[in-house]
Every structure is written in C-alpha cells, then in structure tokens.
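Inspection log for the structure reproduced underneath, given as structure tokens.
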Amino acid sequence: MSLLTKNKLSLATATQNRKRVTKHAYVGSQGTINMKSTWEVKYAHYLDAQSITWQYEPIFALSNGRAYLPDFQLSSGDIIEVKGYFRSDAKIKWDMFCEEYPGLKKSLVTKVEMKQLKLI
C-alpha cells in the first residue's frame with residue numbers, strides 16, 4: 001500500500017475518531033479516565049489487579065504527520081492494544097506504528113486473550 005493511501009486512511013480514521021463519543025468510565029488506581037470501550041476498562045482493571053503501572057493512550061508521532069495512540073503503555077515500555085474488531089484502517093495504522101517503532105514490545109489483546117484472562 002502506498003504512503004499516500006496510508007495517509008488518506010489515517011486522515012479518515014482521525015476524523016472518524018473525533019466524532020466518536022467516549023463513554024466508558026474507568027475508576028481505579030489512575031483516577032477516573034474516559035475510555036473508548038468496556039474491554040479497555042476491563043483490561044485496565046486487570047492491569048491494576050496485577051499491580052502493573054500503565055498510561056492510557058500515550059501519543060506516538062508517525063511519519064505521515066499523524067499520531068498513534070495505543071490503548072496502554074506499561075511502565076516497562078511495552079505497548080498493549082485491545083481489539084475486539086480490527087478495522088482495515090486501524091490495521092494499517094497499527095502496522096505503520098509497528099514499523100516505525102521496532103524497538104518497542106507490542107501486543108494485541110483480542111477476544112481470545114480477553115476470554116483466557118476471564119475478562120469477558
């Protein structure tokens with residue numbers, strides 16, 4: 001996929017995400033944070049129960065001028081992305097992030113992992 005196509009998808013995603021209403025409140029060790037999904041809230045509580053310190057949606061600059069906000073960055077520096085459904089535009093952005101930040105350990109937490117952890 002060309003860089004131009006990636007940029008167009010990134011712009012479309014950014015516009016779409018601005019319209020999205022955040023309505024899932026996490027209340028825990030980090031205070032109160034409005035998150036985008038109930039799975040993110042459940043995973044945040046899981047991290048708290050494991051005494052793992054984390055940051056929600058840290059900002060990483062991409063080469064196309066956009067930002068990537070993974071769901072969690074752990075105190076170890078590891079990146080966690082919680083995905084119930086992986087839209088094609090989100091996959092492109094994830095792949096771009098992975099390519100541009102090869103030194104970071106990254107993990108996708110999908111429905112399978114959420115069930116294994118008994119979070120759903």
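All residue names refer to the structure tokens as shown: chains lettered A, B, ... in order, residues numbered from 1 in each chain, ligands numbered from 1 in order.
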> Got a sec: who's within 7 Å of stretch 101-118 of chain A, counting only C-alpha atoms, leaving out chain neighbours fewer than 4 positions off, as a list in words?
Replying inline: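 My reading of the contact set: Gly77, Asp78, Ile79, Ile80, Glu81, Val82, Lys83, Gly84 and Phe97 of chain A.
Coordinates place atom CA of A:Glu100 at a distance of 18.8 Å from atom CA of A:Leu74.
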>> Nearest residue to A:Ala67 out of A:Gln30, A:Lys36, A:Lys93, A:Glu99, using only C-alpha atoms?
In response: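 Among the listed residues, the smallest separation from A:Ala67 belongs to A:Lys93.
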> Can you list every residue in chain A that DSSP puts in strand (DSSP E or B), as JSON, numbers by chain?
Replying inline: {"A": [24, 25, 26, 27, 28, 31, 32, 33, 34, 35, 54, 55, 56, 60, 61, 67, 68, 72, 73, 74, 79, 80, 81, 82, 106, 107, 108, 109]}
>> Taking the DSSP secondary structure from the backbone, can you list the residues of chain A that are alpha helix (DSSP H), as a ChimeraX atom specification?
In response: /A:3-19,38-49,88-100,111-116
Kindly export the residues of the current selection with C-alpha atoms, as an mmCIF file, in the first residue's frame.
data_model
loop_
_atom_site.group_PDB
_atom_site.id
_atom_site.type_symbol
_atom_site.label_atom_id
_atom_site.label_comp_id
_atom_site.auth_asym_id
_atom_site.auth_seq_id
_atom_site.Cartn_x
_atom_site.Cartn_y
_atom_site.Cartn_z
ATOM 1 C CA LEU A 3 2.203 6.113 1.600
ATOM 2 C CA LEU A 4 -0.474 8.306 0.001
ATOM 3 C CA THR A 5 -3.122 5.645 0.648
ATOM 4 C CA LYS A 6 -1.881 5.220 4.223
ATOM 5 C CA ASN A 7 -2.114 8.981 4.755
ATOM 6 C CA LYS A 8 -5.659 9.115 3.385
ATOM 7 C CA LEU A 9 -6.766 6.264 5.636
ATOM 8 C CA SER A 10 -5.060 7.831 8.631
ATOM 9 C CA LEU A 11 -6.823 11.151 7.999
ATOM 10 C CA ALA A 12 -10.179 9.391 7.570
ATOM 11 C CA THR A 13 -9.641 7.487 10.809
ATOM 12 C CA ALA A 14 -8.647 10.612 12.718
ATOM 13 C CA THR A 15 -11.790 12.401 11.516
ATOM 14 C CA GLN A 16 -13.950 9.400 12.352
ATOM 15 C CA ASN A 17 -12.425 9.036 15.819
ATOM 16 C CA ARG A 18 -13.058 12.703 16.664
ATOM 17 C CA LYS A 19 -16.766 12.083 16.184
ATOM 18 C CA THR A 38 -15.668 -1.597 28.017
ATOM 19 C CA TRP A 39 -12.857 -4.006 27.103
ATOM 20 C CA GLU A 40 -10.298 -1.249 27.720
ATOM 21 C CA VAL A 41 -11.878 -0.590 31.120
ATOM 22 C CA LYS A 42 -11.769 -4.297 31.982
ATOM 23 C CA TYR A 43 -8.167 -4.586 30.843
ATOM 24 C CA ALA A 44 -7.185 -1.517 32.896
ATOM 25 C CA HIS A 45 -8.689 -3.153 35.999
ATOM 26 C CA TYR A 46 -6.820 -6.356 35.132
ATOM 27 C CA LEU A 47 -3.533 -4.411 34.990
ATOM 28 C CA ASP A 48 -4.371 -2.805 38.343
ATOM 29 C CA ALA A 49 -5.050 -6.224 39.882
ATOM 30 C CA SER A 88 -8.755 -2.289 7.967
ATOM 31 C CA ASP A 89 -7.820 1.363 8.535
ATOM 32 C CA ALA A 90 -6.872 0.624 12.154
ATOM 33 C CA LYS A 91 -4.757 -2.332 10.988
ATOM 34 C CA ILE A 92 -2.877 -0.093 8.559
ATOM 35 C CA LYS A 93 -2.180 2.414 11.328
ATOM 36 C CA TRP A 94 -1.078 -0.376 13.717
ATOM 37 C CA ASP A 95 1.266 -1.807 11.066
ATOM 38 C CA MET A 96 2.732 1.638 10.421
ATOM 39 C CA PHE A 97 3.271 2.166 14.156
ATOM 40 C CA CYS A 98 4.953 -1.243 14.487
ATOM 41 C CA GLU A 99 7.227 -0.493 11.536
ATOM 42 C CA GLU A 100 8.214 2.943 12.823
ATOM 43 C CA LYS A 111 -11.262 -11.605 22.149
ATOM 44 C CA VAL A 112 -9.306 -14.841 22.612
ATOM 45 C CA GLU A 113 -6.935 -13.284 25.163
ATOM 46 C CA MET A 114 -9.759 -11.440 26.923
ATOM 47 C CA LYS A 115 -11.584 -14.775 27.350
ATOM 48 C CA GLN A 116 -8.403 -16.537 28.529
#
> Could you work out how far atom CA of A:Pro70 lies from atom CA of A:Gly31, giving the answer in Å with one decimal?
Replying inline: 19.2 Å
> atom CA of A:Tyr85 to atom CA of A:Val27: how many Å, to one decimal?
Replying inline: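 Computed distance, atom CA of A:Tyr85 to atom CA of A:Val27, equals 24.3 Å.
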